[in-house]
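S.K.: Quick one, work-v9.cif (mmCIF, C-alpha atoms and all ligand atoms):
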data_upload
#
loop_
_atom_site.label_atom_id
_atom_site.label_comp_id
_atom_site.auth_asym_id
_atom_site.auth_seq_id
_atom_site.Cartn_x
_atom_site.Cartn_y
_atom_site.Cartn_z
CA MET F 4 6.47 -15.20 9.34
CA VAL F 5 3.30 -13.71 7.89
CA LEU F 6 0.84 -14.85 5.23
CA LEU F 7 -1.45 -11.99 4.29
CA VAL F 8 -4.38 -12.10 1.84
CA VAL F 9 -5.67 -8.74 0.61
CA MET F 10 -9.30 -9.41 -0.29
CA GLY F 11 -12.35 -7.59 -1.59
CA VAL F 12 -14.51 -7.05 -4.63
CA SER F 13 -13.11 -6.20 -8.04
CA GLY F 14 -11.67 -2.68 -8.01
CA SER F 15 -11.36 -2.43 -4.22
CA GLY F 16 -7.59 -1.99 -4.59
CA LYS F 17 -6.25 -5.49 -3.84
CA SER F 18 -3.54 -5.52 -6.50
CA THR F 19 -2.44 -1.95 -5.80
CA VAL F 20 -2.38 -2.29 -2.00
CA GLY F 21 -0.89 -5.81 -2.03
CA SER F 22 1.92 -5.03 -4.45
CA ARG F 23 2.82 -1.69 -2.80
CA LEU F 24 2.92 -3.26 0.65
CA ALA F 25 5.04 -6.18 -0.56
CA GLU F 26 7.45 -3.74 -2.17
CA LYS F 27 7.62 -1.63 0.99
CA LEU F 28 8.23 -4.61 3.28
CA GLY F 29 10.39 -6.63 0.86
CA TRP F 30 7.90 -9.51 0.95
CA LYS F 31 6.86 -11.84 -1.85
CA PHE F 32 3.72 -10.87 -3.78
CA TYR F 33 1.24 -12.93 -5.81
CA ASP F 34 -1.80 -11.66 -7.69
CA ALA F 35 -4.57 -14.27 -7.87
CA ASP F 36 -5.73 -12.81 -11.19
CA ASP F 37 -2.54 -14.24 -12.76
CA TYR F 38 -3.66 -17.77 -11.80
CA HIS F 39 -7.19 -17.81 -13.27
CA PRO F 40 -7.49 -20.43 -16.02
CA LEU F 41 -8.21 -18.98 -19.45
CA GLU F 42 -11.85 -20.16 -19.27
CA ASN F 43 -12.42 -18.11 -16.11
CA LYS F 44 -10.96 -14.99 -17.70
CA LYS F 45 -13.04 -15.51 -20.85
CA LYS F 46 -16.18 -15.89 -18.75
CA MET F 47 -15.51 -12.69 -16.85
CA GLU F 48 -14.66 -10.82 -20.07
CA GLN F 49 -18.08 -11.85 -21.38
CA GLY F 50 -19.70 -10.37 -18.26
CA ILE F 51 -20.56 -13.80 -16.75
CA PRO F 52 -19.83 -14.08 -13.02
CA LEU F 53 -17.73 -17.02 -11.85
CA ASN F 54 -19.39 -19.71 -9.72
CA ASP F 55 -18.06 -22.05 -7.01
CA GLU F 56 -17.08 -24.67 -9.60
CA ASP F 57 -14.96 -22.10 -11.45
CA ARG F 58 -13.35 -20.73 -8.33
CA ILE F 59 -12.58 -23.77 -6.14
CA PRO F 60 -9.73 -25.29 -8.28
CA TRP F 61 -8.23 -21.79 -8.62
CA LEU F 62 -8.38 -21.30 -4.85
CA CYS F 63 -6.83 -24.75 -4.27
CA ALA F 64 -3.91 -23.79 -6.53
CA LEU F 65 -3.50 -20.56 -4.54
CA HIS F 66 -3.56 -22.53 -1.29
CA ASP F 67 -0.73 -24.70 -2.63
CA ILE F 68 1.33 -21.56 -3.33
CA LEU F 69 0.73 -20.23 0.19
CA ARG F 70 1.54 -23.65 1.65
CA ARG F 71 4.86 -23.69 -0.22
CA GLU F 72 5.78 -20.21 1.01
CA ASP F 73 4.75 -21.14 4.56
CA THR F 74 7.02 -24.18 4.44
CA SER F 75 9.95 -22.01 3.40
CA ARG F 76 9.01 -19.39 6.07
CA GLN F 77 8.63 -16.70 3.41
CA ASP F 78 6.56 -13.62 4.31
CA THR F 79 3.98 -13.45 1.53
CA ILE F 80 1.12 -11.26 0.34
CA LEU F 81 -1.60 -12.57 -1.98
CA ALA F 82 -4.16 -10.28 -3.64
CA CYS F 83 -7.29 -12.40 -4.04
CA SER F 84 -11.01 -11.59 -4.10
CA ALA F 85 -11.76 -14.42 -1.55
CA LEU F 86 -15.36 -13.22 -1.51
CA LYS F 87 -17.03 -16.06 0.42
CA LYS F 88 -16.18 -17.51 3.80
CA MET F 89 -15.88 -20.92 2.10
CA TYR F 90 -13.30 -19.53 -0.35
CA ARG F 91 -11.23 -18.24 2.56
CA ARG F 92 -11.47 -21.67 4.17
CA VAL F 93 -10.04 -23.21 1.00
CA LEU F 94 -7.13 -20.73 1.02
CA ILE F 95 -6.47 -21.74 4.64
CA GLY F 96 -6.96 -25.50 4.39
CA GLY F 97 -6.90 -26.53 0.71
CA THR F 98 -9.10 -29.40 -0.49
CA SER F 99 -9.51 -30.84 2.99
CA ALA F 100 -11.43 -27.67 3.94
CA ILE F 101 -14.04 -28.64 1.34
CA GLU F 102 -14.18 -32.31 2.30
CA SER F 103 -14.38 -31.83 6.06
CA ASN F 104 -15.98 -28.36 6.18
CA GLN F 105 -13.23 -27.57 8.70
CA THR F 106 -10.04 -25.55 8.61
CA GLU F 107 -8.33 -27.26 11.51
CA GLN F 108 -6.68 -30.48 10.43
CA PRO F 109 -4.44 -32.68 12.51
CA GLY F 110 -1.13 -34.16 11.33
CA ASP F 111 1.37 -32.77 8.85
CA ASN F 112 -1.08 -30.60 6.96
CA PRO F 113 -2.15 -28.03 9.54
CA ALA F 114 -4.35 -25.09 8.56
CA LEU F 115 -2.34 -22.09 7.39
CA LYS F 116 -2.38 -19.00 9.61
CA ILE F 117 -3.53 -16.24 7.30
CA LEU F 118 -4.44 -12.65 8.09
CA PHE F 119 -7.20 -11.47 5.74
CA VAL F 120 -7.21 -7.74 5.01
CA HIS F 121 -10.65 -6.79 3.75
CA LEU F 122 -10.64 -3.67 1.57
CA ASP F 123 -14.12 -2.37 2.18
CA GLY F 124 -15.94 0.54 0.59
CA PRO F 125 -19.05 1.83 -1.15
CA LYS F 126 -19.99 0.60 -4.60
CA ASP F 127 -20.11 4.06 -6.16
CA ILE F 128 -16.48 4.82 -5.25
CA ILE F 129 -15.29 1.44 -6.55
CA ALA F 130 -17.35 1.82 -9.75
CA GLY F 131 -15.72 5.22 -10.29
CA ARG F 132 -12.25 3.70 -9.96
CA LEU F 133 -13.11 0.79 -12.29
CA LYS F 134 -14.37 3.19 -14.95
CA LYS F 135 -10.97 4.89 -14.95
CA ARG F 136 -8.95 1.63 -14.91
CA LYS F 137 -7.71 0.67 -18.38
CA GLY F 138 -6.58 -2.59 -19.99
CA HIS F 139 -8.23 -5.01 -17.54
CA PHE F 140 -10.40 -8.02 -18.36
CA MET F 141 -12.97 -7.39 -15.61
CA PRO F 142 -16.01 -5.46 -16.88
CA LEU F 143 -17.83 -2.94 -14.68
CA GLU F 144 -21.15 -4.79 -14.97
CA LEU F 145 -19.78 -7.64 -12.84
CA LEU F 146 -19.36 -5.35 -9.84
CA GLN F 147 -22.92 -5.88 -8.54
CA SER F 148 -22.47 -9.67 -8.62
CA GLN F 149 -19.20 -9.26 -6.70
CA PHE F 150 -21.08 -7.35 -3.98
CA ASP F 151 -23.90 -9.94 -4.03
CA THR F 152 -21.38 -12.77 -3.54
CA LEU F 153 -19.32 -11.00 -0.87
CA GLU F 154 -19.57 -12.43 2.63
CA PRO F 155 -17.54 -9.93 4.67
CA PRO F 156 -15.22 -11.69 7.11
CA SER F 157 -16.50 -11.99 10.66
CA ALA F 158 -15.35 -13.55 13.96
CA PRO F 159 -13.77 -16.04 14.51
CA GLU F 160 -12.01 -15.41 11.18
CA ASN F 161 -8.59 -13.73 11.48
CA PHE F 162 -9.11 -10.41 9.67
CA ILE F 163 -8.95 -6.66 9.69
CA THR F 164 -11.15 -4.31 7.70
CA VAL F 165 -9.63 -1.30 5.97
CA SER F 166 -11.59 1.53 4.39
CA ILE F 167 -10.77 2.09 0.73
CA GLU F 168 -11.67 5.75 1.20
CA LYS F 169 -8.30 6.29 2.88
CA SER F 170 -5.23 7.21 0.88
CA LEU F 171 -2.83 4.44 -0.15
CA PRO F 172 -0.12 5.46 2.36
CA GLU F 173 -2.72 5.45 5.18
CA ILE F 174 -3.96 2.02 4.13
CA LEU F 175 -0.42 0.63 4.12
CA LEU F 176 0.26 2.08 7.58
CA GLN F 177 -2.94 0.57 9.01
CA ILE F 178 -2.00 -2.87 7.72
CA GLU F 179 1.61 -2.57 8.93
CA SER F 180 0.41 -1.56 12.36
CA ALA F 181 -1.95 -4.58 12.53
CA ILE F 182 0.96 -6.85 11.59
CA LEU F 183 3.16 -5.29 14.28
CA GLN F 184 0.43 -5.76 16.87
CA GLY F 185 0.48 -9.48 16.11
CA GLU F 186 -2.90 -9.69 14.37
CA ALA F 187 -1.28 -12.02 11.87
CA LEU F 188 -0.40 -14.55 14.54
CA PRO F 189 -3.70 -15.72 16.00
CA GLU F 190 -2.39 -18.33 18.44
N1 LIG U 1 -6.80 3.89 -1.80
C1 LIG U 1 -6.95 4.22 -3.09
N2 LIG U 1 -7.20 5.50 -3.42
C2 LIG U 1 -7.38 5.84 -4.72
N3 LIG U 1 -7.32 4.99 -5.77
C3 LIG U 1 -7.08 3.70 -5.50
C4 LIG U 1 -6.87 3.23 -4.16
N4 LIG U 1 -6.65 1.90 -4.20
C5 LIG U 1 -6.73 1.55 -5.50
N5 LIG U 1 -6.97 2.62 -6.30
C6 LIG U 1 -7.16 2.60 -7.76
O1 LIG U 1 -8.36 1.87 -8.00
C7 LIG U 1 -8.24 1.06 -9.17
C8 LIG U 1 -8.56 -0.39 -8.82
O2 LIG U 1 -7.50 -0.89 -8.02
P1 LIG U 1 -6.94 -2.37 -8.21
O3 LIG U 1 -5.74 -2.49 -7.36
O4 LIG U 1 -6.80 -2.70 -9.66
O5 LIG U 1 -8.16 -3.20 -7.57
P2 LIG U 1 -8.43 -4.78 -7.56
O6 LIG U 1 -7.11 -5.45 -7.65
O7 LIG U 1 -9.10 -5.01 -6.24
O8 LIG U 1 -9.36 -5.05 -8.68
C9 LIG U 1 -6.83 1.23 -9.70
O9 LIG U 1 -6.85 2.13 -10.80
C10 LIG U 1 -6.07 1.85 -8.52
O10 LIG U 1 -5.04 2.70 -8.93
O1 LIG U 2 -13.53 -14.40 -7.79
C1 LIG U 2 -13.76 -13.66 -8.75
O2 LIG U 2 -14.88 -13.40 -9.22
C2 LIG U 2 -12.61 -12.98 -9.41
O3 LIG U 2 -11.40 -13.31 -8.84
C3 LIG U 2 -12.81 -11.51 -9.24
O4 LIG U 2 -13.26 -11.27 -7.94
C4 LIG U 2 -11.57 -10.78 -9.43
O5 LIG U 2 -11.77 -9.53 -8.93
C5 LIG U 2 -11.19 -10.86 -10.85
O6 LIG U 2 -10.05 -11.63 -10.88
C6 LIG U 2 -11.08 -9.54 -11.51
O7 LIG U 2 -9.89 -8.91 -11.22
P1 LIG U 2 -9.84 -7.62 -10.29
O8 LIG U 2 -10.23 -8.07 -8.91
O9 LIG U 2 -8.41 -7.19 -10.36
O10 LIG U 2 -10.82 -6.64 -10.81
#
Let's see the structure in the file written out as structure tokens.
M.R.:
Amino acid sequence: MVLLVVMGVSGSGKSTVGSRLAEKLGWKFYDADDYHPLENKKKMEQGIPLNDEDRIPWLCALHDILRREDTSRQDTILACSALKKMYRRVLIGGTSAIESNQTEQPGDNPALKILFVHLDGPKDIIAGRLKKRKGHFMPLELLQSQFDTLEPPSAPENFITVSIEKSLPEILLQIESAILQGEALPE
């Protein structure tokens, strides 16, 4: 059973890659954008970047969704910016990750095993794609703040990095191959 979070800055391709992969594999798909409270969306629409206070409750709600799917052994893909290491810890451990600053918890609430797929690429390419994208609440001027906030995943986090300069089919194949090689099962 696999829990996969496709992460990266706005416009890196999270929703596209996540939904296509879920469709290809027959897995469940969630887009974190659908779970932002209205205030968060309004803020972003006005060109104001979100802060930790705005994001933590949203990430806790997303953790609860992943926890539920994990309990029912449902392979699941979530598209979520997850820009900071702390945000990824919340996705893994929920509120206890904030309280204890740890992801490993004993007892009946163990940390979730998540593979983070970081869609990584240069700002100019992403800006070009965002300019072409229509009907989305996220304005282009927030892209710099997304890059400023981004803490790319690093060891010992469980992650792979995928270049957004590849074609979509190549990206999907790289992720599928990482899953087959057991990258999603760190123990
Ligand atoms: N590998 C890719 N090659 C070319 N275009 C892409 C690729 N991945 C995503 N796109 C396009 O880039 C834009 C942003 O992708 P999207 O999935 O909305 O990003 P995000 O969910 O990270 O904000 C979309 O118009 C999408 O079609
Ligand atoms: O944490 C955040 O600041 C937001 O989640 C942001 O990173 C996310 O990207 C928006 O939801 C915009 O949506 P797109 O990522 O689809 O542009």
S.K.: One number please: atom CA of F:Tyr33 to atom C4 of ligand LIG 1 (chain U), in Å, one decimal.
M.R.: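 Separation between atom CA of F:Tyr33 and atom C4 of ligand LIG 1 (chain U): 18.2 Å.
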S.K.: Give, as JSON, the centre coordinates and the x, y and z edge lengths in Å to one decimal for an axis-aligned box around all listed atoms of stretch 170-174 of chain F, padded by 4 Å on each side.
M.R.:
{"center_x": -2.7, "center_y": 4.6, "center_z": 2.5, "size_x": 13.1, "size_y": 13.2, "size_z": 13.3}
S.K.: Please tabulate, as CSV, the residues of chain F that come within 7 Å of ligand LIG 2 (chain U), each with its closest pair of atoms and the distance in Å to one decimal, counting all atoms listed in the file and ordering rows by chain, then residue number upward.
M.R.:
residue,atom,partner,partner_atom,distance
F:Val12,CA,U:LIG2,O4,5.5
F:Ser13,CA,U:LIG2,O8,3.5
F:Gly14,CA,U:LIG2,O10,4.9
F:Lys17,CA,U:LIG2,O8,6.9
F:Ser18,CA,U:LIG2,O9,6.4
F:Ala35,CA,U:LIG2,O6,6.8
F:Asp36,CA,U:LIG2,O6,4.5
F:Pro52,CA,U:LIG2,O2,6.3
F:Leu53,CA,U:LIG2,O2,5.3
F:Arg58,CA,U:LIG2,O1,6.4
F:Cys83,CA,U:LIG2,O3,6.4
F:Ser84,CA,U:LIG2,O4,4.5
F:Ala85,CA,U:LIG2,O1,6.5
F:Leu86,CA,U:LIG2,O1,6.6
F:Met141,CA,U:LIG2,C6,5.0
F:Gln149,CA,U:LIG2,O4,6.4
S.K.: At what distance in Å, to one decimal, does atom CA of F:Leu146 lie from atom CA of F:Lys87?
M.R.: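 Interatomic distance, atom CA of F:Lys87 to atom CA of F:Leu146: 15.0 Å.
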S.K.: Determine the nearest neighbour of F:His139 from the options F:Gln184, F:Leu62, F:Ala25, F:Met47, counting all atoms listed in the file.
M.R.: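 Among the listed residues, F:Met47 lies closest to F:His139.
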S.K.: May I ask for the distance between atom CA of F:Arg70 and atom CA of F:Arg92, given in Å to one decimal place?
M.R.: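 Taking atom CA of F:Arg70 and atom CA of F:Arg92, their separation equals 13.4 Å.
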S.K.: Residues near F:Ile128, anyone? I mean within 12 Å using all atoms listed in the file, not counting same-chain ones fewer than 4 positions away, as a count of residues only.
M.R.: 15
S.K.: Let me make sure I understand: among F:Ile51, F:Ile163, F:Leu176, F:Ile101, which one has the smallest atom-to-atom distance to ligand LIG 1 (chain U) if we use all atoms listed in the file?
M.R.: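 The closest residue to ligand LIG 1 (chain U) is F:Leu176.
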S.K.: Nearest residue to F:Ala181 out of F:Leu7, F:Ile129, F:Ala82, F:Ala100, using only C-alpha atoms?
M.R.: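 For F:Ala181, the nearest of the candidates is F:Leu7.
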S.K.: Could you give me, as a PyMOL selection string, the residues that sit within 12 Å of (-12.7, -24.0, -10.8) in the file's coordinates, counting only C-alpha atoms?
M.R.: chain F and resi 38-44+46+53-65+90
S.K.: Tell me which of F:Arg91, F:Ile178, F:Met4, F:Ser99 sits closest to F:Leu122, counting all atoms listed in the file.
M.R.: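 Nearest to F:Leu122: F:Ile178.
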S.K.: Nearest to F:Glu160 among F:Leu143, F:Val120, F:Ile174, F:Ala130, with distances taken over all atoms listed in the file: which residue is it?
M.R.: F:Val120
S.K.: Mind checking which residues fall within 9 Å of F:Gln77, counting only C-alpha atoms, ignoring those fewer than 5 positions away in the same chain, and posting them as a list in words?
M.R.: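 Within the cut-off, the hits are Met4, Val5, Leu6, Trp30, Lys31, Arg71 and Glu72 of chain F.
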S.K.: May I ask which of the residues F:Pro155, F:Gly96, F:Gly11, F:Gly50 is the closest one to ligand LIG 1 (chain U), counting all atoms listed in the file?
M.R.: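 Comparing F:Pro155, F:Gly96, F:Gly11, F:Gly50 against ligand LIG 1 (chain U), the winner is F:Gly11.
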S.K.: So that I can see what lies close to stretch 93-95 of chain F, please list as a PyMOL selection string the residues with an atom at most 6 Å from it, counting only C-alpha atoms and leaving out residues fewer than 5 positions away in the same chain.
M.R.: chain F and resi 66+100+114-115
S.K.: Skipping near chain neighbours, those fewer than 5 positions away, what residues fall within 8 Å of F:Val20 using all atoms listed in the file, listed as an mmCIF file with C-alpha atoms, in the coordinates of the input?
M.R.:
data_model
loop_
_atom_site.group_PDB
_atom_site.id
_atom_site.type_symbol
_atom_site.label_atom_id
_atom_site.label_comp_id
_atom_site.auth_asym_id
_atom_site.auth_seq_id
_atom_site.Cartn_x
_atom_site.Cartn_y
_atom_site.Cartn_z
ATOM 1 C CA VAL F 9 -5.670 -8.740 0.610
ATOM 2 C CA LEU F 171 -2.830 4.440 -0.150
ATOM 3 C CA ILE F 174 -3.960 2.020 4.130
ATOM 4 C CA LEU F 175 -0.420 0.630 4.120
#
